[in-house]
file query25.csv (CSV, C-alpha atoms)
chain,number,residue,atom,x,y,z
A,1,MET,CA,-16.0,23.2,15.2
A,2,ILE,CA,-17.4,25.7,17.6
A,3,ALA,CA,-14.8,27.4,19.8
A,4,SER,CA,-15.9,25.6,23.0
A,5,ALA,CA,-14.8,22.2,21.6
A,6,HIS,CA,-11.3,23.5,20.8
A,7,VAL,CA,-11.0,25.4,24.1
A,8,ALA,CA,-12.1,22.4,26.1
A,9,VAL,CA,-9.8,20.0,24.4
A,10,GLY,CA,-6.9,22.5,24.6
A,11,ALA,CA,-7.5,22.8,28.3
A,12,ALA,CA,-7.5,19.0,28.6
A,13,ILE,CA,-4.2,18.8,26.8
A,14,GLY,CA,-2.7,21.4,29.1
A,15,ASN,CA,-3.9,19.5,32.1
A,16,ILE,CA,-2.6,16.2,30.8
A,17,GLY,CA,0.8,17.8,30.0
A,18,TYR,CA,1.1,19.2,33.5
A,19,LEU,CA,-0.6,16.7,35.7
A,20,SER,CA,-0.1,13.3,34.1
A,21,GLU,CA,3.1,11.6,35.2
A,22,LYS,CA,2.9,9.0,32.4
A,23,HIS,CA,2.0,11.4,29.5
A,24,ARG,CA,3.7,14.6,30.8
A,25,ILE,CA,4.8,17.1,28.2
A,26,ARG,CA,7.4,19.2,30.0
A,27,SER,CA,7.4,22.2,27.7
A,28,ILE,CA,4.9,25.0,27.3
A,29,THR,CA,5.8,25.1,23.6
A,30,GLY,CA,5.0,21.4,23.4
A,31,ILE,CA,1.6,21.9,25.0
A,32,PHE,CA,1.0,24.8,22.5
A,33,LEU,CA,1.9,22.7,19.5
A,34,ALA,CA,-0.2,19.8,20.8
A,35,GLY,CA,-3.1,22.2,21.0
A,36,ILE,CA,-2.6,23.2,17.3
A,37,ILE,CA,-2.4,19.5,16.3
A,38,SER,CA,-5.6,18.8,18.2
A,39,HIS,CA,-7.3,21.5,16.3
A,40,GLY,CA,-6.4,20.0,13.0
A,41,ILE,CA,-7.5,16.5,14.1
A,42,MET,CA,-10.8,17.8,15.5
A,43,ASP,CA,-11.6,19.8,12.3
A,44,ARG,CA,-11.2,16.6,10.2
A,45,ILE,CA,-14.2,15.0,11.9
A,46,PRO,CA,-17.5,15.9,10.2
A,47,HIS,CA,-19.2,18.6,12.3
A,48,GLU,CA,-21.4,21.6,12.3
A,49,ASP,CA,-20.2,25.1,12.9
A,50,TYR,CA,-22.2,28.2,13.9
A,51,MET,CA,-24.8,28.0,11.2
A,52,PHE,CA,-26.6,25.5,13.3
A,53,PHE,CA,-27.6,28.3,15.7
A,54,TYR,CA,-28.8,30.5,12.9
A,55,ASN,CA,-30.8,27.7,11.2
A,56,PHE,CA,-32.2,26.2,14.4
A,57,PHE,CA,-33.7,29.5,15.5
A,58,ASP,CA,-35.0,30.3,12.0
A,59,GLY,CA,-32.5,33.1,11.5
A,60,ALA,CA,-33.4,34.9,14.8
A,61,PHE,CA,-29.8,35.3,15.6
A,62,THR,CA,-28.7,36.7,12.2
A,63,SER,CA,-28.3,40.1,13.7
A,64,VAL,CA,-26.0,38.8,16.5
A,65,PRO,CA,-22.4,39.0,15.4
A,66,LEU,CA,-20.4,35.8,15.5
A,67,MET,CA,-17.9,37.5,17.9
A,68,VAL,CA,-20.7,37.9,20.4
A,69,ILE,CA,-21.6,34.2,20.3
A,70,VAL,CA,-17.9,33.2,20.6
A,71,ALA,CA,-17.4,35.7,23.5
A,72,LEU,CA,-20.3,34.1,25.3
A,73,GLU,CA,-18.9,30.6,24.7
A,74,LEU,CA,-15.5,31.7,26.0
A,75,VAL,CA,-17.0,33.2,29.1
A,76,CYS,CA,-18.9,30.0,29.8
A,77,ASN,CA,-15.7,28.0,29.2
A,78,GLY,CA,-13.8,30.3,31.5
A,79,CYS,CA,-16.4,29.8,34.2
A,80,VAL,CA,-16.2,26.0,34.0
A,81,LEU,CA,-12.4,26.1,34.0
A,82,SER,CA,-12.3,28.6,36.9
A,83,TRP,CA,-14.7,26.5,38.9
A,84,ILE,CA,-12.6,23.3,38.4
A,85,ALA,CA,-9.4,25.2,39.2
A,86,ILE,CA,-10.8,26.7,42.4
A,87,LYS,CA,-12.5,23.5,43.5
A,88,ASN,CA,-9.3,21.6,43.1
A,89,GLN,CA,-6.9,24.3,44.2
A,90,SER,CA,-4.9,24.4,41.0
A,91,SER,CA,-1.4,25.8,41.0
A,92,PHE,CA,-0.4,28.8,38.9
A,93,CYS,CA,1.9,26.6,36.9
A,94,SER,CA,-0.9,24.2,35.9
A,95,LEU,CA,-3.0,27.2,34.8
A,96,ILE,CA,-0.1,28.4,32.5
A,97,TYR,CA,-0.1,24.9,30.9
A,98,THR,CA,-3.9,25.0,30.6
A,99,PHE,CA,-3.7,28.4,28.9
A,100,ALA,CA,-1.0,27.2,26.5
A,101,GLY,CA,-3.2,24.3,25.4
A,102,ILE,CA,-6.2,26.5,24.9
A,103,ALA,CA,-4.1,29.1,23.0
A,104,GLY,CA,-2.7,26.4,20.7
A,105,ALA,CA,-6.1,24.8,20.1
A,106,ALA,CA,-7.8,28.1,19.4
A,107,ILE,CA,-5.3,30.0,17.4
A,108,PRO,CA,-6.1,28.4,14.0
A,109,ASP,CA,-9.6,29.9,14.1
A,110,VAL,CA,-8.6,33.4,15.2
A,111,ARG,CA,-9.1,34.6,11.6
A,112,PHE,CA,-12.8,34.1,12.1
A,113,VAL,CA,-13.1,36.7,14.8
A,114,VAL,CA,-10.3,39.1,13.9
A,115,PRO,CA,-11.4,41.7,11.3
A,116,SER,CA,-10.0,40.6,7.9
A,117,ALA,CA,-8.5,44.0,7.3
A,118,LEU,CA,-5.8,43.2,9.8
A,119,TYR,CA,-4.6,40.2,7.9
A,120,SER,CA,-6.0,40.1,4.4
A,121,HIS,CA,-2.8,41.2,2.7
A,122,ASN,CA,-0.4,39.0,4.7
A,123,PRO,CA,0.9,36.1,2.6
A,124,LEU,CA,1.9,34.0,5.6
A,125,ILE,CA,-1.6,34.2,7.0
A,126,LYS,CA,-3.2,33.5,3.6
A,127,ALA,CA,-0.9,30.4,3.3
A,128,PHE,CA,-2.0,29.3,6.8
A,129,ASP,CA,-5.7,29.7,5.8
A,130,ILE,CA,-5.2,27.5,2.8
A,131,PHE,CA,-3.4,24.9,5.0
A,132,HIS,CA,-6.3,25.1,7.6
A,133,ASP,CA,-9.0,24.8,5.0
A,134,TYR,CA,-7.3,21.7,3.4
A,135,PHE,CA,-7.5,19.9,6.7
A,136,HIS,CA,-11.1,20.9,7.5
A,137,GLY,CA,-13.6,18.1,7.3
A,138,PRO,CA,-17.1,18.2,5.9
A,139,HIS,CA,-20.0,20.0,7.5
A,140,LEU,CA,-23.1,18.2,8.8
A,141,PRO,CA,-26.0,20.7,8.7
A,142,ASN,CA,-28.0,19.5,11.6
A,143,ILE,CA,-28.0,18.5,15.3
A,144,PHE,CA,-25.9,15.4,14.4
A,145,GLY,CA,-23.1,17.7,13.4
A,146,LEU,CA,-23.1,19.4,16.8
A,147,LEU,CA,-23.1,16.0,18.6
A,148,PRO,CA,-19.3,15.3,18.1
A,149,GLU,CA,-18.5,18.7,19.5
A,150,LEU,CA,-20.7,18.2,22.6
A,151,ILE,CA,-19.0,14.9,23.1
A,152,PHE,CA,-15.5,16.5,22.9
A,153,ILE,CA,-16.5,19.2,25.3
A,154,ALA,CA,-18.0,16.7,27.9
A,155,ALA,CA,-15.1,14.3,27.6
A,156,ALA,CA,-12.5,17.0,27.9
A,157,TYR,CA,-14.0,18.6,31.0
A,158,TRP,CA,-14.6,15.1,32.6
A,159,LEU,CA,-10.9,14.4,32.0
A,160,ILE,CA,-9.8,17.7,33.5
A,161,TRP,CA,-12.0,17.1,36.5
A,162,LYS,CA,-10.5,13.6,37.0
A,163,LEU,CA,-6.9,14.7,36.5
A,164,GLN,CA,-7.3,17.7,38.8
A,165,GLY,CA,-9.1,15.6,41.5
A,166,GLN,CA,-6.4,12.9,41.4
A,167,ASN,CA,-3.7,15.6,41.7
A,168,SER,CA,-5.3,17.3,44.7
A,169,ALA,CA,-6.0,14.1,46.6
call {"tool": "encode", "arguments": {"input": "query25.csv", "output": "structure tokens"}}
result
Amino acid sequence: MIASAHVAVGAAIGNIGYLSEKHRIRSITGIFLAGIISHGIMDRIPHEDYMFFYNFFDGAFTSVPLMVIVALELVCNGCVLSWIAIKNQSSFCSLIYTFAGIAGAAIPDVRFVVPSALYSHNPLIKAFDIFHDYFHGPHLPNIFGLLPELIFIAAAYWLIWKLQGQNSA
């Protein structure tokens, strides 16, 4: 999945953990672990990754490094989350929970943006890569593969908006 889907769902998990009385997760560690679990579940769903962007524009972006695309995604996610937080006057503690969910949901894919020289000889990281790849679902090489990701993003931000709005009312 693209980073935005994992970031949005991780943020939603952090907000659910902090704001929902019924489903509250009281521990930052619990939120972080729930983010990691969400990553594994989401990656099992057939989806497209970044090759869609390269193929859709006939290779026009092949000179744009993946890190640039991911950075732009993260900036966009940060803007949306910041706008929701400011609009609903979020507390600092809720932001910590949100960040813990995002970190947990995003950390399994850090290997794609960190230079491989930093971890290529680490047996623990190699074992984690094998574990991650085992749970990864099939790729759908077209717009239909991007659709589940867009649904996750929209649903996660809608949920955050609703939870934050209920909490500030």
call {"tool": "closest_residue", "arguments": {"input": "query25.csv", "among": "A:Ser27, A:Ser20, A:Ser4, A:Asn122", "to": "His39 (chain A)", "atoms": "all atoms listed in the file"}}
result
A:Ser4
call {"tool": "residues_around", "arguments": {"input": "query25.csv", "residues": "Ile160 (chain A)", "least_positions_apart": "6", "cutoff": "9 Å", "atoms": "only C-alpha atoms", "output": "list in words"}}
result
Ala11, Ala12, Ile13, Asn15, Ile16, Leu81 and Ile84 of chain A
call {"tool": "closest_residue", "arguments": {"input": "query25.csv", "among": "A:Phe128, A:Ala85, A:Ser38, A:Val75", "to": "Trp161 (chain A)", "atoms": "all atoms listed in the file"}}
result
A:Ala85
call {"tool": "closest_residue", "arguments": {"input": "query25.csv", "among": "A:Thr29, A:Val7, A:Leu19, A:Asn77", "to": "Leu163 (chain A)", "atoms": "only C-alpha atoms"}}
result
A:Leu19
call {"tool": "residues_around", "arguments": {"input": "query25.csv", "residues": "region 31-36 of chain A", "least_positions_apart": "3", "cutoff": "9 Å", "atoms": "only C-alpha atoms", "output": "PDB file with C-alpha atoms, in the frame of the given file"}}
result
ATOM      1  CA  HIS A   6     -11.300  23.500  20.800  1.00  0.00           C
ATOM      2  CA  VAL A   9      -9.800  20.000  24.400  1.00  0.00           C
ATOM      3  CA  GLY A  10      -6.900  22.500  24.600  1.00  0.00           C
ATOM      4  CA  ALA A  11      -7.500  22.800  28.300  1.00  0.00           C
ATOM      5  CA  ILE A  13      -4.200  18.800  26.800  1.00  0.00           C
ATOM      6  CA  GLY A  14      -2.700  21.400  29.100  1.00  0.00           C
ATOM      7  CA  GLY A  17       0.800  17.800  30.000  1.00  0.00           C
ATOM      8  CA  TYR A  18       1.100  19.200  33.500  1.00  0.00           C
ATOM      9  CA  ILE A  25       4.800  17.100  28.200  1.00  0.00           C
ATOM     10  CA  ARG A  26       7.400  19.200  30.000  1.00  0.00           C
ATOM     11  CA  SER A  27       7.400  22.200  27.700  1.00  0.00           C
ATOM     12  CA  ILE A  28       4.900  25.000  27.300  1.00  0.00           C
ATOM     13  CA  HIS A  39      -7.300  21.500  16.300  1.00  0.00           C
ATOM     14  CA  GLY A  40      -6.400  20.000  13.000  1.00  0.00           C
ATOM     15  CA  ILE A  41      -7.500  16.500  14.100  1.00  0.00           C
ATOM     16  CA  TYR A  97      -0.100  24.900  30.900  1.00  0.00           C
ATOM     17  CA  THR A  98      -3.900  25.000  30.600  1.00  0.00           C
ATOM     18  CA  PHE A  99      -3.700  28.400  28.900  1.00  0.00           C
ATOM     19  CA  ALA A 100      -1.000  27.200  26.500  1.00  0.00           C
ATOM     20  CA  GLY A 101      -3.200  24.300  25.400  1.00  0.00           C
ATOM     21  CA  ILE A 102      -6.200  26.500  24.900  1.00  0.00           C
ATOM     22  CA  ALA A 103      -4.100  29.100  23.000  1.00  0.00           C
ATOM     23  CA  GLY A 104      -2.700  26.400  20.700  1.00  0.00           C
ATOM     24  CA  ALA A 105      -6.100  24.800  20.100  1.00  0.00           C
ATOM     25  CA  ALA A 106      -7.800  28.100  19.400  1.00  0.00           C
ATOM     26  CA  ILE A 107      -5.300  30.000  17.400  1.00  0.00           C
ATOM     27  CA  PRO A 108      -6.100  28.400  14.000  1.00  0.00           C
TER      28      PRO A 108
END
call {"tool": "atom_distance", "arguments": {"input": "query25.csv", "atom1": "CA of Phe135 (chain A)", "atom2": "CA of His121 (chain A)"}}
result
22.2 Å
call {"tool": "atom_distance", "arguments": {"input": "query25.csv", "atom1": "CA of Pro138 (chain A)", "atom2": "CA of Pro46 (chain A)"}}
result
4.9 Å
call {"tool": "atom_distance", "arguments": {"input": "query25.csv", "atom1": "CA of Pro123 (chain A)", "atom2": "CA of His136 (chain A)"}}
result
20.0 Å
call {"tool": "closest_residue", "arguments": {"input": "query25.csv", "among": "A:Asp109, A:Gly30, A:Ile125, A:Val68", "to": "Ala3 (chain A)", "atoms": "all atoms listed in the file"}}
result
A:Asp109
